[in-house]
Structures are given as C-alpha cells and as structure tokens.
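K.L.:
Pasting query-v5.cif here (mmCIF, C-alpha atoms and all ligand atoms):
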data_query
loop_
_atom_site.group_PDB
_atom_site.id
_atom_site.type_symbol
_atom_site.label_atom_id
_atom_site.label_comp_id
_atom_site.auth_asym_id
_atom_site.auth_seq_id
_atom_site.Cartn_x
_atom_site.Cartn_y
_atom_site.Cartn_z
ATOM 1 C CA MET B 1 8.924 53.280 32.548
ATOM 2 C CA ASN B 2 11.330 52.954 29.664
ATOM 3 C CA ARG B 3 14.712 54.178 30.910
ATOM 4 C CA ASN B 4 16.870 52.862 28.092
ATOM 5 C CA PRO B 5 17.770 55.875 25.866
ATOM 6 C CA LEU B 6 18.258 53.531 22.892
ATOM 7 C CA ASN B 7 14.616 52.501 23.163
ATOM 8 C CA TRP B 8 13.527 56.141 23.104
ATOM 9 C CA LEU B 9 15.627 56.572 19.978
ATOM 10 C CA ARG B 10 13.951 53.501 18.482
ATOM 11 C CA LEU B 11 10.530 54.999 19.168
ATOM 12 C CA ALA B 12 11.572 58.337 17.690
ATOM 13 C CA GLN B 13 12.967 56.706 14.529
ATOM 14 C CA PRO B 14 10.972 53.505 14.060
ATOM 15 C CA HIS B 15 12.236 52.817 10.537
ATOM 16 C CA GLN B 16 15.953 53.014 11.284
ATOM 17 C CA THR B 17 16.738 49.333 11.221
ATOM 18 C CA CYS B 18 19.379 47.493 9.221
ATOM 19 C CA ARG B 19 18.023 46.325 5.858
ATOM 20 C CA HIS B 20 19.781 42.979 6.239
ATOM 21 C CA CYS B 21 19.671 41.899 9.902
ATOM 22 C CA HIS B 22 17.032 44.361 11.201
ATOM 23 C CA ALA B 23 19.273 45.518 14.054
ATOM 24 C CA PHE B 24 18.776 49.110 15.172
ATOM 25 C CA THR B 25 21.004 51.618 13.358
ATOM 26 C CA ILE B 26 21.379 55.379 13.746
ATOM 27 C CA SER B 27 21.611 56.059 10.038
ATOM 28 C CA GLY B 28 19.375 53.392 8.520
ATOM 29 C CA GLY B 29 20.592 51.371 5.513
ATOM 30 C CA LEU B 30 22.973 48.706 6.768
ATOM 31 C CA CYS B 31 24.481 48.343 10.240
ATOM 32 C CA ALA B 32 28.303 48.410 10.463
ATOM 33 C CA PRO B 33 28.745 44.604 10.838
ATOM 34 C CA CYS B 34 26.532 43.990 7.773
ATOM 35 C CA GLN B 35 28.400 46.699 5.828
ATOM 36 C CA ASN B 36 31.612 44.814 6.498
ATOM 37 C CA ALA B 37 30.174 41.351 5.925
ATOM 38 C CA LEU B 38 28.623 42.361 2.592
ATOM 39 C CA GLN B 39 31.669 44.181 1.303
ATOM 40 C CA ASP B 40 32.676 42.818 -2.087
ATOM 41 C CA THR B 41 36.382 42.057 -1.886
ATOM 42 C CA ARG B 42 36.661 39.740 -4.902
ATOM 43 C CA LEU B 43 39.350 40.129 -7.542
ATOM 44 C CA ARG B 44 37.756 41.475 -10.682
ATOM 45 C CA CYS B 45 38.710 42.237 -14.257
ATOM 46 C CA PHE B 46 39.620 45.939 -14.426
ATOM 47 C CA ARG B 47 37.785 46.351 -17.734
ATOM 48 C CA CYS B 48 34.518 44.414 -17.259
ATOM 49 C CA ALA B 49 34.477 43.598 -13.493
ATOM 50 C CA LEU B 50 34.035 39.857 -14.078
ATOM 51 C CA PRO B 51 35.311 37.961 -10.997
ATOM 52 C CA LEU B 52 38.799 36.555 -11.588
ATOM 53 C CA ASN B 53 40.598 33.731 -9.816
ATOM 54 C CA ASP B 54 43.994 35.340 -10.126
ATOM 55 C CA PRO B 55 45.167 38.937 -9.850
ATOM 56 C CA ALA B 56 45.938 39.140 -13.596
ATOM 57 C CA GLY B 57 43.918 42.366 -13.891
ATOM 58 C CA ILE B 58 42.168 41.719 -17.217
ATOM 59 C CA CYS B 59 40.001 38.690 -18.147
ATOM 60 C CA GLY B 60 40.581 36.597 -21.270
ATOM 61 C CA GLU B 61 37.463 37.935 -22.999
ATOM 62 C CA CYS B 62 38.554 41.572 -22.600
ATOM 63 C CA ILE B 63 42.001 40.704 -23.961
ATOM 64 C CA ALA B 64 40.559 38.801 -26.962
ATOM 65 C CA ASN B 65 37.761 41.327 -27.666
ATOM 66 C CA PRO B 66 38.696 44.661 -26.059
ATOM 67 C CA PRO B 67 35.602 46.741 -25.299
ATOM 68 C CA ALA B 68 35.388 50.465 -26.098
ATOM 69 C CA PHE B 69 35.004 51.220 -22.390
ATOM 70 C CA GLU B 70 38.017 51.609 -20.138
ATOM 71 C CA GLN B 71 36.916 50.446 -16.708
ATOM 72 C CA THR B 72 33.879 48.919 -15.000
ATOM 73 C CA VAL B 73 33.013 49.753 -11.406
ATOM 74 C CA CYS B 74 30.330 47.729 -9.648
ATOM 75 C CA ALA B 75 29.420 47.876 -5.987
ATOM 76 C CA ASP B 76 28.271 44.285 -5.526
ATOM 77 C CA SER B 77 27.885 40.829 -6.977
ATOM 78 C CA TYR B 78 24.396 40.089 -8.257
ATOM 79 C CA ARG B 79 23.515 37.505 -5.619
ATOM 80 C CA PRO B 80 21.345 37.507 -2.480
ATOM 81 C CA PRO B 81 20.697 39.712 -0.624
ATOM 82 C CA VAL B 82 21.769 42.348 -3.182
ATOM 83 C CA SER B 83 19.796 40.698 -6.032
ATOM 84 C CA HIS B 84 16.607 40.800 -3.879
ATOM 85 C CA TRP B 85 17.116 44.490 -3.095
ATOM 86 C CA LEU B 86 17.781 45.222 -6.741
ATOM 87 C CA GLN B 87 14.619 43.447 -7.896
ATOM 88 C CA ASN B 88 12.680 45.243 -5.184
ATOM 89 C CA PHE B 89 14.022 48.580 -6.398
ATOM 90 C CA LYS B 90 13.583 47.855 -10.094
ATOM 91 C CA ASP B 91 10.270 45.998 -10.132
ATOM 92 C CA SER B 92 8.510 47.354 -7.022
ATOM 93 C CA ARG B 93 10.224 50.772 -7.113
ATOM 94 C CA ASP B 94 11.251 50.562 -3.485
ATOM 95 C CA LEU B 95 13.443 53.664 -3.429
ATOM 96 C CA ARG B 96 14.882 52.798 0.001
ATOM 97 C CA ASP B 97 16.612 49.851 -1.653
ATOM 98 C CA GLY B 98 17.562 52.121 -4.544
ATOM 99 C CA HIS B 99 19.197 54.526 -2.081
ATOM 100 C CA LEU B 100 20.986 51.731 -0.245
ATOM 101 C CA LEU B 101 22.447 50.268 -3.452
ATOM 102 C CA SER B 102 23.330 53.690 -4.896
ATOM 103 C CA GLN B 103 25.177 54.562 -1.692
ATOM 104 C CA ARG B 104 27.232 51.384 -2.001
ATOM 105 C CA LEU B 105 28.161 52.331 -5.564
ATOM 106 C CA ILE B 106 29.053 55.894 -4.478
ATOM 107 C CA GLN B 107 31.364 54.520 -1.761
ATOM 108 C CA ARG B 108 33.023 52.216 -4.302
ATOM 109 C CA VAL B 109 33.529 55.082 -6.757
ATOM 110 C CA LYS B 110 35.014 57.290 -4.031
ATOM 111 C CA SER B 111 37.450 54.556 -3.050
ATOM 112 C CA LEU B 112 38.596 53.958 -6.650
ATOM 113 C CA TYR B 113 38.862 57.435 -8.189
ATOM 114 C CA CYS B 114 40.904 60.477 -7.229
ATOM 115 C CA THR B 115 38.839 63.676 -7.545
ATOM 116 C CA ASP B 116 40.791 64.708 -10.649
ATOM 117 C CA ASP B 117 39.995 61.436 -12.407
ATOM 118 C CA LEU B 118 36.228 61.543 -11.942
ATOM 119 C CA PRO B 119 34.219 61.656 -15.177
ATOM 120 C CA HIS B 120 32.842 64.919 -16.552
ATOM 121 C CA TYR B 121 29.367 63.476 -17.135
ATOM 122 C CA LEU B 122 27.132 60.574 -16.059
ATOM 123 C CA ILE B 123 25.071 58.998 -18.843
ATOM 124 C CA PRO B 124 22.215 56.626 -17.861
ATOM 125 C CA VAL B 125 21.368 53.628 -20.051
ATOM 126 C CA PRO B 126 18.176 54.667 -21.881
ATOM 127 C CA LEU B 127 14.949 52.698 -22.175
ATOM 128 C CA HIS B 128 13.109 52.545 -25.468
ATOM 129 C CA TRP B 129 10.460 55.307 -25.432
ATOM 130 C CA ARG B 130 7.612 52.767 -25.541
ATOM 131 C CA ARG B 131 8.970 50.901 -22.536
ATOM 132 C CA ALA B 132 9.654 54.195 -20.736
ATOM 133 C CA LEU B 133 6.037 55.215 -21.334
ATOM 134 C CA TRP B 134 4.752 51.903 -20.033
ATOM 135 C CA ARG B 135 7.011 51.727 -16.981
ATOM 136 C CA ASN B 136 7.208 55.460 -16.281
ATOM 137 C CA PHE B 137 10.457 54.731 -14.457
ATOM 138 C CA ASN B 138 14.000 54.377 -15.733
ATOM 139 C CA GLN B 139 16.053 52.907 -12.906
ATOM 140 C CA SER B 140 19.356 53.952 -14.532
ATOM 141 C CA SER B 141 18.244 57.598 -14.720
ATOM 142 C CA TRP B 142 17.155 57.465 -11.095
ATOM 143 C CA ILE B 143 20.547 56.012 -10.021
ATOM 144 C CA ALA B 144 22.365 58.634 -12.119
ATOM 145 C CA ARG B 145 20.470 61.408 -10.289
ATOM 146 C CA GLN B 146 21.558 60.053 -6.887
ATOM 147 C CA LEU B 147 25.177 59.823 -8.003
ATOM 148 C CA SER B 148 25.018 63.244 -9.615
ATOM 149 C CA LYS B 149 23.805 64.894 -6.391
ATOM 150 C CA GLU B 150 26.442 63.288 -4.217
ATOM 151 C CA LEU B 151 29.442 63.383 -6.560
ATOM 152 C CA HIS B 152 28.579 66.759 -8.158
ATOM 153 C CA ILE B 153 28.831 65.371 -11.683
ATOM 154 C CA PRO B 154 26.127 66.443 -14.159
ATOM 155 C CA ALA B 155 23.948 63.685 -15.618
ATOM 156 C CA LEU B 156 23.325 63.871 -19.377
ATOM 157 C CA GLN B 157 20.242 62.233 -20.899
ATOM 158 C CA CYS B 158 21.905 62.188 -24.291
ATOM 159 C CA LEU B 159 21.233 58.642 -25.555
ATOM 160 C CA HIS B 160 18.146 56.973 -26.930
ATOM 161 C CA ARG B 161 17.235 53.473 -28.077
ATOM 162 C CA THR B 162 16.241 53.131 -31.686
ATOM 163 C CA ARG B 163 14.307 49.912 -31.045
ATOM 164 C CA PRO B 164 13.187 47.887 -27.992
ATOM 165 C CA GLY B 165 15.613 45.258 -26.701
ATOM 166 C CA GLY B 166 13.060 42.485 -26.283
ATOM 167 C CA ASP B 167 13.836 39.481 -24.132
ATOM 168 C CA GLN B 168 17.535 38.721 -24.534
ATOM 169 C CA ARG B 169 17.729 35.878 -22.039
ATOM 170 C CA HIS B 170 17.523 33.135 -24.665
ATOM 171 C CA LEU B 171 20.225 34.720 -26.838
ATOM 172 C CA SER B 172 23.872 33.764 -26.868
ATOM 173 C CA ARG B 173 26.415 36.436 -26.086
ATOM 174 C CA GLN B 174 27.265 36.878 -29.774
ATOM 175 C CA ASP B 175 23.561 37.169 -30.664
ATOM 176 C CA ARG B 176 23.057 39.764 -27.959
ATOM 177 C CA LEU B 177 25.933 41.809 -29.324
ATOM 178 C CA ARG B 178 24.477 41.524 -32.841
ATOM 179 C CA ASN B 179 20.991 42.356 -31.526
ATOM 180 C CA LEU B 180 22.230 45.595 -29.926
ATOM 181 C CA ARG B 181 24.299 46.813 -32.877
ATOM 182 C CA GLY B 182 23.181 50.353 -33.756
ATOM 183 C CA VAL B 183 20.479 50.355 -31.055
ATOM 184 C CA PHE B 184 21.945 53.170 -28.932
ATOM 185 C CA LYS B 185 22.250 56.553 -30.597
ATOM 186 C CA LEU B 186 23.362 59.943 -29.418
ATOM 187 C CA ALA B 187 20.571 62.554 -29.512
ATOM 188 C CA ASP B 188 20.545 64.478 -32.764
ATOM 189 C CA ASP B 189 21.743 67.671 -31.094
ATOM 190 C CA PRO B 190 24.963 69.441 -32.195
ATOM 191 C CA ALA B 191 25.340 71.130 -28.760
ATOM 192 C CA MET B 192 25.166 67.732 -27.053
ATOM 193 C CA ARG B 193 27.757 66.284 -29.422
ATOM 194 C CA GLN B 194 30.001 69.273 -28.785
ATOM 195 C CA GLN B 195 29.648 68.788 -25.036
ATOM 196 C CA LEU B 196 30.889 65.224 -25.353
ATOM 197 C CA GLN B 197 34.064 65.958 -27.319
ATOM 198 C CA GLN B 198 37.220 64.708 -25.567
ATOM 199 C CA ARG B 199 35.255 64.173 -22.366
ATOM 200 C CA HIS B 200 35.478 61.376 -19.842
ATOM 201 C CA VAL B 201 32.021 59.915 -19.158
ATOM 202 C CA ALA B 202 30.552 57.151 -16.983
ATOM 203 C CA VAL B 203 27.596 55.104 -18.231
ATOM 204 C CA ILE B 204 25.171 54.250 -15.415
ATOM 205 C CA ASP B 205 23.440 50.863 -15.400
ATOM 206 C CA ASP B 206 21.710 48.756 -12.749
ATOM 207 C CA VAL B 207 23.139 45.295 -13.547
ATOM 208 C CA ILE B 208 25.934 44.153 -15.866
ATOM 209 C CA THR B 209 25.757 40.622 -17.259
ATOM 210 C CA THR B 210 27.148 39.965 -20.725
ATOM 211 C CA THR B 211 28.512 43.521 -21.181
ATOM 212 C CA ALA B 212 26.618 43.617 -24.506
ATOM 213 C CA THR B 213 24.806 46.852 -23.534
ATOM 214 C CA ALA B 214 27.979 48.419 -22.132
ATOM 215 C CA ARG B 215 29.901 47.515 -25.297
ATOM 216 C CA ALA B 216 27.212 48.911 -27.620
ATOM 217 C CA ILE B 217 26.845 52.188 -25.704
ATOM 218 C CA SER B 218 30.562 52.780 -25.227
ATOM 219 C CA SER B 219 31.196 52.195 -28.961
ATOM 220 C CA GLU B 220 28.598 54.836 -29.827
ATOM 221 C CA LEU B 221 29.953 57.354 -27.290
ATOM 222 C CA ARG B 222 33.558 56.888 -28.449
ATOM 223 C CA ARG B 223 32.432 57.140 -32.088
ATOM 224 C CA GLN B 224 30.753 60.441 -31.212
ATOM 225 C CA GLY B 225 33.918 61.894 -29.685
ATOM 226 C CA ALA B 226 34.075 60.887 -25.999
ATOM 227 C CA ALA B 227 37.702 60.409 -24.943
ATOM 228 C CA ARG B 228 37.030 57.798 -22.287
ATOM 229 C CA VAL B 229 33.981 55.770 -21.222
ATOM 230 C CA ASP B 230 33.692 53.972 -17.879
ATOM 231 C CA ILE B 231 30.792 51.776 -16.802
ATOM 232 C CA TRP B 232 29.292 52.162 -13.331
ATOM 233 C CA SER B 233 26.773 49.606 -12.170
ATOM 234 C CA LEU B 234 25.056 48.642 -8.923
ATOM 235 C CA ALA B 235 25.844 44.960 -9.441
ATOM 236 C CA ARG B 236 27.580 42.455 -11.724
ATOM 237 C CA THR B 237 26.563 38.847 -12.356
ATOM 238 C CA ASP B 238 29.281 36.245 -11.850
ATOM 239 C CA LYS B 239 28.262 34.538 -15.096
ATOM 240 C CA THR B 240 26.543 35.726 -18.200
ATOM 241 C CA HIS B 241 23.145 34.040 -17.849
ATOM 242 C CA LEU B 242 20.733 36.889 -17.090
ATOM 243 C CA SER B 243 19.209 39.561 -19.266
ATOM 244 C CA ASP B 244 20.966 42.932 -19.344
HETATM 245 ZN ZN ZN Y 301 22.804 44.472 9.928
HETATM 246 ZN ZN ZN Y 302 36.984 41.522 -18.554
#
Spit out the file's structure as structure tokens when you get a sec.

P.N.:
Amino acid sequence: MNRNPLNWLRLAQPHQTCRHCHAFTISGGLCAPCQNALQDTRLRCFRCALPLNDPAGICGECIANPPAFEQTVCADSYRPPVSHWLQNFKDSRDLRDGHLLSQRLIQRVKSLYCTDDLPHYLIPVPLHWRRALWRNFNQSSWIARQLSKELHIPALQCLHRTRPGGDQRHLSRQDRLRNLRGVFKLADDPAMRQQLQQRHVAVIDDVITTTATARAISSELRRQGAARVDIWSLARTDKTHLSD
C-alpha cells in the first residue's frame, strides 16, 4: 500500500513535474531550484537588453544610434533550455511552454516596475495578414493576452504590417533596418490614435535579436503620439545572428 502522501499527490496531479528537471512540483512549471538556477542575472543594456561586460548601463550601439524606445525588458537569454521551450511554443504551439515563459516575463516586469510606472497599454508585434491567415496564431498576441490578464493592462491590437517581412536571416543589421522602414503602421482609426496620445506603451515580442523590429515599431508609435515605448520580450539573443 502506498503510504507516502507525496505519491498520492503525484497520482492526483500526474502532470505537475518541473519542465526542466522533471522533479515533482506542487505548482507545475519549474521547481524552485531550477527557478533559481535559470534566473538571468546578467548585466544588460538598459535600452536594448544586450548583455554587457561592465555595468555602464547603455551599450555602444544605443549611444551611437539611440532607439525610439526607452527600455527593453526580457526574461531570459535565448539559449537552451529557454530557446527549446520558445521554439516549442512558437512552432508547435505548446501553450504550457508559452505559459511558463510568459510567467517568467511577468515576474521580471513586476521586479522592475513600480505599479505607477507600468504602461497604459500592451501592443503585440503584428504578423502580416497573409502570414496570420496561414499560421492562425500570433505568438506575440497570445503573450500579450497572458500579460494583460495578470498585470491588468489592456492589450491594443492597433498595428499592422504593410508587407511581409520575408526571411531576414541573411540580411545585415543595416539592411534589416532598411527592410522594415515603413512596414509597421498604426490602424487607420482616429479613436485608436487618440487613445495613444501621451501614453506609455509596451510592445510585446517573443524574441529580440537585432532590435530592427523594436526600432521600427517604436518609431511609428512615437510618431503617432505615444509618450514612451518600452519593449517586453520573452528572450533576447546574445548576438544579432537570428531572425527577428
Ligand atoms: Zn527542476
Ligand atoms: Zn543597447
């Protein structure tokens, strides 16, 4: 007879195991030791979240070419196991991994912002309508909904892409920036534009690499009247070699 109460709990909740080490957990997601071990404690640029070797605060690129966004918050570095979970969420639509990663971003946001400083709106990075039709899933919108529920900040689907991005992996950073110029547009809706005036907003993305997307979107939102744009992302690459 099974007298260990933990085993009964395991039988009652068979899926509550740590995503990383598969140890039993009460809450699911990650166990406490894995939470601690996978905590991202690296020094990062305040503006673009690129890892820095010294606590200077802002990287050379952000000083030379200041972006229109103010601050980037990312929960994790884009490296295993986080990169595997992210691909699983994005490509296989495993929403358990989506929840796990969104929770890590929510915790990071809560640790960095006072309640008064939180943005007024969350704005997901849009897909081109053709890609949205084909995929039937926009991971940024899904993440924005999770954040919206937990942080009580409304999500605004106010942007659209005027043309598909195509494969940007072979492009240099400058070419990516050029390629995205004028791609993101605010919806042609006077009420939406009015809503944005002098507001603080956070753009929601899954991965940040070159910051080309973040730069293009934040320029458009500032041009349309937003007072401050922050970028919130599940993960950030250490270099600028992947597609964003
Ligand atoms: Zn674990
Ligand atoms: Zn930077």

K.L.:
Applying 9 Å and all atoms listed in the file, which residues near Lys185 (chain B) remain after dropping the ones on its own chain fewer than 4 positions away? List them as a short mmCIF file (atom, residue, chain, number, x, y, z; two decimals) with C-alpha atoms, keeping the file's coordinate frame.

P.N.:
data_model
loop_
_atom_site.label_atom_id
_atom_site.label_comp_id
_atom_site.auth_asym_id
_atom_site.auth_seq_id
_atom_site.Cartn_x
_atom_site.Cartn_y
_atom_site.Cartn_z
CA CYS B 158 21.90 62.19 -24.29
CA LEU B 159 21.23 58.64 -25.56
CA HIS B 160 18.15 56.97 -26.93
CA ARG B 161 17.24 53.47 -28.08
CA THR B 162 16.24 53.13 -31.69
CA ILE B 217 26.84 52.19 -25.70
CA GLU B 220 28.60 54.84 -29.83
CA LEU B 221 29.95 57.35 -27.29
#

K.L.:
Collect all residues with atoms no farther than 9 Å from ligand ZN 301 (chain Y), counting all atoms listed in the file, and output them as a list in words.

P.N.:
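Checked against 9 Å with all atoms listed in the file; the hits are Thr17, Cys18, Arg19, His20, Cys21, His22, Ala23, Phe24, Thr25, Gly29, Leu30, Cys31, Ala32, Pro33, Cys34, Gln35 and Ala37 of chain B.
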
K.L.:
Let me have all residues with an atom within 8 Å of ligand ZN 302 (chain Y), counting all atoms listed in the file, laid out as JSON, numbers by chain.

P.N.:
{"B": [44, 45, 46, 47, 48, 49, 50, 58, 59, 60, 61, 62, 63]}

K.L.:
To one decimal place in Å, what is the distance between CA of His152 (chain B) and CA of Leu118 (chain B)?

P.N.:
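Between CA of His152 (chain B) and CA of Leu118 (chain B) the gap works out to 10.0 Å.
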
K.L.:
So how far away is CA of Ser148 (chain B) from CA of Leu122 (chain B), in Å?

P.N.:
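Value for the CA of Leu122 (chain B)-CA of Ser148 (chain B) distance: 7.3 Å.
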
K.L.:
For the structure provided, state which residues fall under the PyMOL selection byres (((chain B and resi 68) around 9) and not hetatm), and present them as a PyMOL selection string.

P.N.:
chain B and resi 66-67+69-70+214-222+228-229

K.L.:
Would you compute the distance between CA of Ile143 (chain B) and CA of Ser102 (chain B)? Give it in Å to one decimal.

P.N.:
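CA of Ile143 (chain B) sits 6.3 Å away from CA of Ser102 (chain B).
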
K.L.:
Taking all atoms listed in the file into account, name the residue in B:Met192, B:Ala212, B:Leu133, B:Val82 that is nearest to Leu180 (chain B).

P.N.:
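Closest residue, counting all atoms listed in the file: B:Ala212.
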
K.L.:
Carefully work through the PyMOL selection byres (((chain B and resi 200) around 8) and not hetatm) for this structure and note down the residues it includes, as a ChimeraX atom specification.

P.N.:
/B:118-121,198-199,201-202,226-230

K.L.:
Just checking: using all atoms listed in the file, which residue out of B:Gly182, B:Trp232, B:Gln139, B:Arg145 ends up closest to Arg93 (chain B)?

P.N.:
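With all atoms listed in the file as the atom set, the closest residue is B:Gln139.
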
K.L.:
Identify the residues around (23.6, 33.9, -5.5) within a radius of 12 Å, measuring from only C-alpha atoms in the coordinates stated by the file, and give them as number ranges by chain.

P.N.:
B: 76-84, 235-239

K.L.:
Do a neighbour search on His99 (chain B) at 10 Å with all atoms listed in the file, toss out local chain neighbours closer than 2 positions, and write the hits as a PyMOL selection string.

P.N.:
chain B and resi 29+89+94-97+101-105+142-143+146-147

K.L.:
At a cut-off of 8 Å from (22.1, 54.8, -17.9) in the coordinates of the file, what residues are picked up using all atoms listed in the file, written as an MDAnalysis selection string?

P.N.:
chainID B and resid 122:126 140:141 144 203:206

K.L.:
Closest to Gln71 (chain B) among B:Leu186, B:Ile231, B:Ile153, B:Leu127, using only C-alpha atoms?

P.N.:
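Using only C-alpha atoms, Gln71 (chain B) sits closest to B:Ile231.
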